[in-house]
Structures are given as structure tokens and as C-alpha cells.
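Okay, so here's the structure we're looking at.
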Amino acid sequence: MAEYPELHYRGDIIVMVAWDPAAPETWVNFCGAEGGSLVIDNAVQEKAVGGCDEWGAPIKNILSYGAQSVTMNLNASLARSQRDKLLLWAKGQLSLPVRIHIVDAPIGETEYIDGIGILPSLNIEGLGNVTNEAITTTLNIRFKDGVEFTEAAA
């Protein structure tokens with residue numbers, strides 16, 4: 001019999017922010033989140049080399065990892081409870097702890113992905129729309145020093 005994957009859905013992976021710099025471990029779910037993406041981008045260094053003993057051998061590319069950057073894009077309906085926090089994050093050029101929580105992660109697997117988020121751009125869309133749709137926002141977050149993974153414990 002065929003085996004099928006168990007998929008993740010809304011509520012299985014939650015984005016959280018510690019809005020208060022004085023309380024960096026006070027996590028608050030990002031209210032209004034509707035979708036987003038986490039990107040771990042590894043630069044790859046490439047160097048063409050020739051054989052040492054056989055100079056007529058084909059040239060070969062040798063690859064190695066370079067610098068890593070981690071970004072997250074988050075789309076959301078603009079929740080009144082977070083509007084001012086978002087504006088201050090962008091305007092004040094704050095560095096805030098951001099957490100991705102993998103709910104019910106099995107012991108030994110990644111439960112938390114943590115990093116210090118800086119906000120290169122904050123978009124607030126739908127201002128003055130005549131169809132009375134909710135105002136939306138898009139956050140483009142960069143993780144200042146990458147991210148750390150924490151495994152689920154017993």
C-alpha cells in the first residue's frame with residue numbers, strides 16, 4: 001500500500017516576535033499572518049582547477065560553501081494590535097528577536113528557529129481602498145546573524 005506524507009497546515013508552524021526589547025523571551029504570535037517564506041541562502045564559491053599530474057586532463061569546478069544569509073517574507077492582514085509595533089520596528093530600525101515555532105516537533109527534531117530580525121522594508125498595502133478590504137502588510141525580514149535551531153526536548 002502506498003505511503004503518503006503528513007503535511008503541515010496553518011497552526012503547525014507559527015511565527016512569533018518578542019516585541020519588547022526589555023523582555024526578549026516574551027514571545028507573541030504574529031497576529032494576522034496569512035503566508036510567508038523562510039529562505040536559507042548559501043553562497044557557493046566555485047573555482048576551476050586543472051589536474052596536478054596530467055595537465056591535459058579536463059578542467060574541473062570545485063565547489064565550497066561561502067557566506068550564508070537567512071531571510072523571511074511575511075504577508076499579513078494588518079492587525080490593530082501590532083500596527084504601531086510594526087511601524088516602530090521599521091522607523092526605529094530595531095533589531096527584534098523573531099522565532100519560528102514548529103508545533104509538536106518530535107524529540108530530537110527542530111522545534112524553534114530563532115534569530116534577530118532586522119526589517120529592511122515594511123509595506124502597508126490597500127490604504128484608501130474603496131472596496132473596504134482589510135489593509136495588508138508585507139514584511140521583508142533579514143536575520144542579522146543568521147538563525148539558530150533548537151531541538152525539541154523531552
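Residue numbers start at 1 in each chain; chains themselves are named A, B, ... in the order of the C-alpha cells; ligands are numbered from 1 in the order shown.
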Can you build me a table of stretch 87-116 of chain A residues sitting at most 12 Å from stretch 126-140 of chain A, with the closest atom pair per residue and its distance in Å to one decimal, using only C-alpha atoms, sorted by chain and residue number, as a Markdown table?
| residue | atom | partner | partner_atom | distance |
| --- | --- | --- | --- | --- |
| A:Leu87 | CA | A:Thr137 | CA | 10.7 |
| A:Trp89 | CA | A:Leu139 | CA | 10.5 |
| A:Ala90 | CA | A:Leu139 | CA | 9.4 |
Limited to C-alpha atoms, could you put the picked residues into a file as a PDB file, in the first residue's frame?
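Listed below is the output, part32.pdb:
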ATOM      1  CA  LEU A  87       5.750  50.941  12.340  1.00  0.00           C
ATOM      2  CA  TRP A  89      10.232  48.343  14.161  1.00  0.00           C
ATOM      3  CA  ALA A  90      10.750  49.828  10.698  1.00  0.00           C
TER       4      ALA A  90
END
Point to revise | Selection: 9 Å around A:Ile107, only C-alpha atoms, excl. self and same-chain fewer than 6 positions, as a ChimeraX atom specification | key: /A:151-154
Exercise for review: Give me the residues within 12 Å of A:Leu38 as a ChimeraX atom specification, counting only C-alpha atoms and dropping any in the same chain fewer than 4 places off.
Suggested key: /A:13-15,69-75,98-100,113-115,139-143,146-147
Would you output that residue set with N, CA and C atoms, as a PDB file, in the first residue's frame?
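So the final result, stored in part11.pdb, reads:
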ATOM      1  N   ILE A  13       3.179  25.572  12.097  1.00  0.00           N
ATOM      2  CA  ILE A  13       4.417  26.357  12.134  1.00  0.00           C
ATOM      3  C   ILE A  13       4.000  27.807  12.347  1.00  0.00           C
ATOM      4  N   ILE A  14       4.442  28.389  13.462  1.00  0.00           N
ATOM      5  CA  ILE A  14       3.965  29.710  13.883  1.00  0.00           C
ATOM      6  C   ILE A  14       5.125  30.700  13.942  1.00  0.00           C
ATOM      7  N   VAL A  15       4.900  31.896  13.426  1.00  0.00           N
ATOM      8  CA  VAL A  15       5.888  32.970  13.522  1.00  0.00           C
ATOM      9  C   VAL A  15       5.575  33.787  14.764  1.00  0.00           C
ATOM     10  N   SER A  69      23.035  33.629   4.262  1.00  0.00           N
ATOM     11  CA  SER A  69      22.105  34.650   4.722  1.00  0.00           C
ATOM     12  C   SER A  69      20.728  34.009   4.867  1.00  0.00           C
ATOM     13  N   VAL A  70      19.959  34.528   5.836  1.00  0.00           N
ATOM     14  CA  VAL A  70      18.635  33.987   6.099  1.00  0.00           C
ATOM     15  C   VAL A  70      17.639  35.139   6.055  1.00  0.00           C
ATOM     16  N   THR A  71      16.579  34.951   5.299  1.00  0.00           N
ATOM     17  CA  THR A  71      15.544  35.973   5.167  1.00  0.00           C
ATOM     18  C   THR A  71      14.175  35.330   5.354  1.00  0.00           C
ATOM     19  N   MET A  72      13.209  36.179   5.680  1.00  0.00           N
ATOM     20  CA  MET A  72      11.836  35.718   5.782  1.00  0.00           C
ATOM     21  C   MET A  72      10.935  36.823   5.238  1.00  0.00           C
ATOM     22  N   ASN A  73       9.999  36.435   4.395  1.00  0.00           N
ATOM     23  CA  ASN A  73       8.950  37.341   3.931  1.00  0.00           C
ATOM     24  C   ASN A  73       7.671  36.891   4.595  1.00  0.00           C
ATOM     25  N   LEU A  74       6.911  37.842   5.105  1.00  0.00           N
ATOM     26  CA  LEU A  74       5.677  37.519   5.796  1.00  0.00           C
ATOM     27  C   LEU A  74       4.573  38.436   5.289  1.00  0.00           C
ATOM     28  N   ASN A  75       3.476  37.845   4.852  1.00  0.00           N
ATOM     29  CA  ASN A  75       2.301  38.587   4.402  1.00  0.00           C
ATOM     30  C   ASN A  75       1.228  38.456   5.465  1.00  0.00           C
ATOM     31  N   VAL A  98      13.031  37.125  16.536  1.00  0.00           N
ATOM     32  CA  VAL A  98      11.960  36.501  15.765  1.00  0.00           C
ATOM     33  C   VAL A  98      12.124  34.988  15.919  1.00  0.00           C
ATOM     34  N   ARG A  99      11.011  34.312  16.109  1.00  0.00           N
ATOM     35  CA  ARG A  99      11.042  32.863  16.319  1.00  0.00           C
ATOM     36  C   ARG A  99      10.052  32.196  15.378  1.00  0.00           C
ATOM     37  N   ILE A 100      10.466  31.078  14.815  1.00  0.00           N
ATOM     38  CA  ILE A 100       9.572  30.208  14.073  1.00  0.00           C
ATOM     39  C   ILE A 100       9.423  28.959  14.936  1.00  0.00           C
ATOM     40  N   ILE A 113      13.294  27.935  15.444  1.00  0.00           N
ATOM     41  CA  ILE A 113      14.287  28.602  14.624  1.00  0.00           C
ATOM     42  C   ILE A 113      14.284  30.046  15.098  1.00  0.00           C
ATOM     43  N   ASP A 114      15.386  30.492  15.696  1.00  0.00           N
ATOM     44  CA  ASP A 114      15.463  31.818  16.307  1.00  0.00           C
ATOM     45  C   ASP A 114      16.531  32.674  15.643  1.00  0.00           C
ATOM     46  N   GLY A 115      16.255  33.955  15.557  1.00  0.00           N
ATOM     47  CA  GLY A 115      17.237  34.903  15.051  1.00  0.00           C
ATOM     48  C   GLY A 115      16.819  36.318  15.377  1.00  0.00           C
ATOM     49  N   LEU A 139       6.220  42.093   5.314  1.00  0.00           N
ATOM     50  CA  LEU A 139       7.490  42.326   5.997  1.00  0.00           C
ATOM     51  C   LEU A 139       8.577  41.566   5.260  1.00  0.00           C
ATOM     52  N   ASN A 140       9.676  42.215   5.027  1.00  0.00           N
ATOM     53  CA  ASN A 140      10.854  41.574   4.453  1.00  0.00           C
ATOM     54  C   ASN A 140      11.914  41.604   5.540  1.00  0.00           C
ATOM     55  N   ILE A 141      12.099  40.474   6.204  1.00  0.00           N
ATOM     56  CA  ILE A 141      12.965  40.386   7.376  1.00  0.00           C
ATOM     57  C   ILE A 141      14.282  39.738   6.984  1.00  0.00           C
ATOM     58  N   ARG A 142      15.376  40.304   7.488  1.00  0.00           N
ATOM     59  CA  ARG A 142      16.691  39.665   7.367  1.00  0.00           C
ATOM     60  C   ARG A 142      17.155  39.325   8.761  1.00  0.00           C
ATOM     61  N   PHE A 143      17.758  38.167   8.900  1.00  0.00           N
ATOM     62  CA  PHE A 143      18.274  37.747  10.197  1.00  0.00           C
ATOM     63  C   PHE A 143      19.724  38.198  10.300  1.00  0.00           C
ATOM     64  N   GLY A 146      22.148  35.328  11.141  1.00  0.00           N
ATOM     65  CA  GLY A 146      21.641  34.017  10.789  1.00  0.00           C
ATOM     66  C   GLY A 146      20.626  33.539  11.814  1.00  0.00           C
ATOM     67  N   VAL A 147      20.421  32.254  11.861  1.00  0.00           N
ATOM     68  CA  VAL A 147      19.440  31.667  12.784  1.00  0.00           C
ATOM     69  C   VAL A 147      20.070  30.516  13.541  1.00  0.00           C
TER      70      VAL A 147
END
Practice item. Compare A:Glu34, A:Trp19, A:Glu46, A:Asp145 by their minimum atom-to-atom distance to A:Leu88, counting only C-alpha atoms, and give me the closest one. Key: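 Of A:Glu34, A:Trp19, A:Glu46, A:Asp145, the one nearest A:Leu88 is A:Trp19, counting only C-alpha atoms.
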Point to revise | Nearest-residue call for A:Tyr112, choices A:Asp20, A:Glu125, A:Glu148, A:Glu3, using only C-alpha atoms | key: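 Counting only C-alpha atoms, the residue closest to A:Tyr112 is A:Glu148.
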Practice item. Please return as a PyMOL selection string: the residues of stretch 5-135 of chain A that backbone DSSP assigns to strand (DSSP E or B). Key: chain A and resi 13-17+28-29+33-49+60-77+96-102+107+110-125
What's around stretch 23-26 of chain A at 8 Å? Count only C-alpha atoms, leave out sequence neighbours fewer than 4 positions away in its own chain, and write the answer as an mmCIF file with C-alpha atoms, in the first residue's frame.
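This is the output file result_20.cif:
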data_model
loop_
_atom_site.group_PDB
_atom_site.id
_atom_site.type_symbol
_atom_site.label_atom_id
_atom_site.label_comp_id
_atom_site.auth_asym_id
_atom_site.auth_seq_id
_atom_site.Cartn_x
_atom_site.Cartn_y
_atom_site.Cartn_z
ATOM 1 C CA ALA A 18 9.484 39.420 21.021
ATOM 2 C CA TRP A 19 8.203 42.980 20.607
ATOM 3 C CA LEU A 96 13.982 42.215 17.360
ATOM 4 C CA PRO A 97 14.034 38.512 18.234
#
Exercise for review: Mind checking which residues fall within 6 Å of stretch 61-68 of chain A, counting only C-alpha atoms, ignoring those fewer than 3 positions away in the same chain, and posting them as a count of residues only?
Suggested key: 8
Review point. Which distance in Å separates atom CA of A:Ser95 and atom CA of A:Thr110, to one decimal?
Key: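 That distance, rounded to one decimal, is 23.5 Å.
Compared by their closest atoms to A:Gly36, and using only C-alpha atoms, the residues A:Lys60, A:Pro21, A:Ala76, A:Glu109 rank with A:Ala76 nearest.
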Practice item. Using atom CA of A:Gly32 and atom CA of A:Phe149 as the two end points, give the distance in Å to one decimal. Key: 24.7 Å
Exercise for review: Looking only at alpha helix (DSSP H) from DSSP on the backbone, list the matching residues of chain A as number ranges by chain.
Suggested key: A: 80-91
Pull N, CA, C and O atoms from the residues just selected and write them as a compact mmCIF listing (two decimals), in the first residue's frame.
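Wrote selection-v6.txt, looks like this:
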# COMPACT_ATOMS: atom_id res chain seq x y z
N ARG A 80 -4.66 45.52 14.26
CA ARG A 80 -4.56 46.75 15.04
C ARG A 80 -3.60 46.60 16.22
O ARG A 80 -2.89 47.52 16.57
N SER A 81 -3.56 45.39 16.81
CA SER A 81 -2.72 45.16 17.99
C SER A 81 -1.23 45.23 17.67
O SER A 81 -0.42 45.41 18.58
N GLN A 82 -0.86 45.10 16.41
CA GLN A 82 0.56 45.11 16.04
C GLN A 82 0.94 46.25 15.12
O GLN A 82 2.11 46.40 14.79
N ARG A 83 -0.01 47.06 14.70
CA ARG A 83 0.26 48.13 13.75
C ARG A 83 1.38 49.04 14.22
O ARG A 83 2.37 49.26 13.52
N ASP A 84 1.26 49.57 15.45
CA ASP A 84 2.26 50.51 15.95
C ASP A 84 3.61 49.82 16.15
O ASP A 84 4.66 50.40 15.87
N LYS A 85 3.58 48.57 16.59
CA LYS A 85 4.82 47.82 16.78
C LYS A 85 5.57 47.66 15.47
O LYS A 85 6.79 47.80 15.40
N LEU A 86 4.84 47.37 14.39
CA LEU A 86 5.46 47.24 13.07
C LEU A 86 6.04 48.56 12.60
O LEU A 86 7.17 48.61 12.09
N LEU A 87 5.26 49.63 12.76
CA LEU A 87 5.75 50.94 12.34
C LEU A 87 7.02 51.33 13.09
O LEU A 87 7.98 51.83 12.49
N LEU A 88 7.04 51.07 14.40
CA LEU A 88 8.22 51.41 15.20
C LEU A 88 9.41 50.52 14.87
O LEU A 88 10.57 50.97 14.91
N TRP A 89 9.16 49.25 14.55
CA TRP A 89 10.23 48.34 14.16
C TRP A 89 10.95 48.89 12.93
O TRP A 89 12.18 48.97 12.88
N ALA A 90 10.16 49.31 11.93
CA ALA A 90 10.75 49.83 10.70
C ALA A 90 11.36 51.21 10.90
O ALA A 90 12.53 51.44 10.57
N LYS A 91 10.60 52.14 11.45
CA LYS A 91 11.07 53.52 11.61
C LYS A 91 12.26 53.60 12.55
O LYS A 91 13.24 54.32 12.28
Exercise for review: Mind giving me the straight-line distance from atom CA of A:Trp27 to atom CA of A:Gly11 in Å, one decimal?
Suggested key: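 Taking atom CA of A:Trp27 as the start and atom CA of A:Gly11 as the end point, the length is 15.5 Å.
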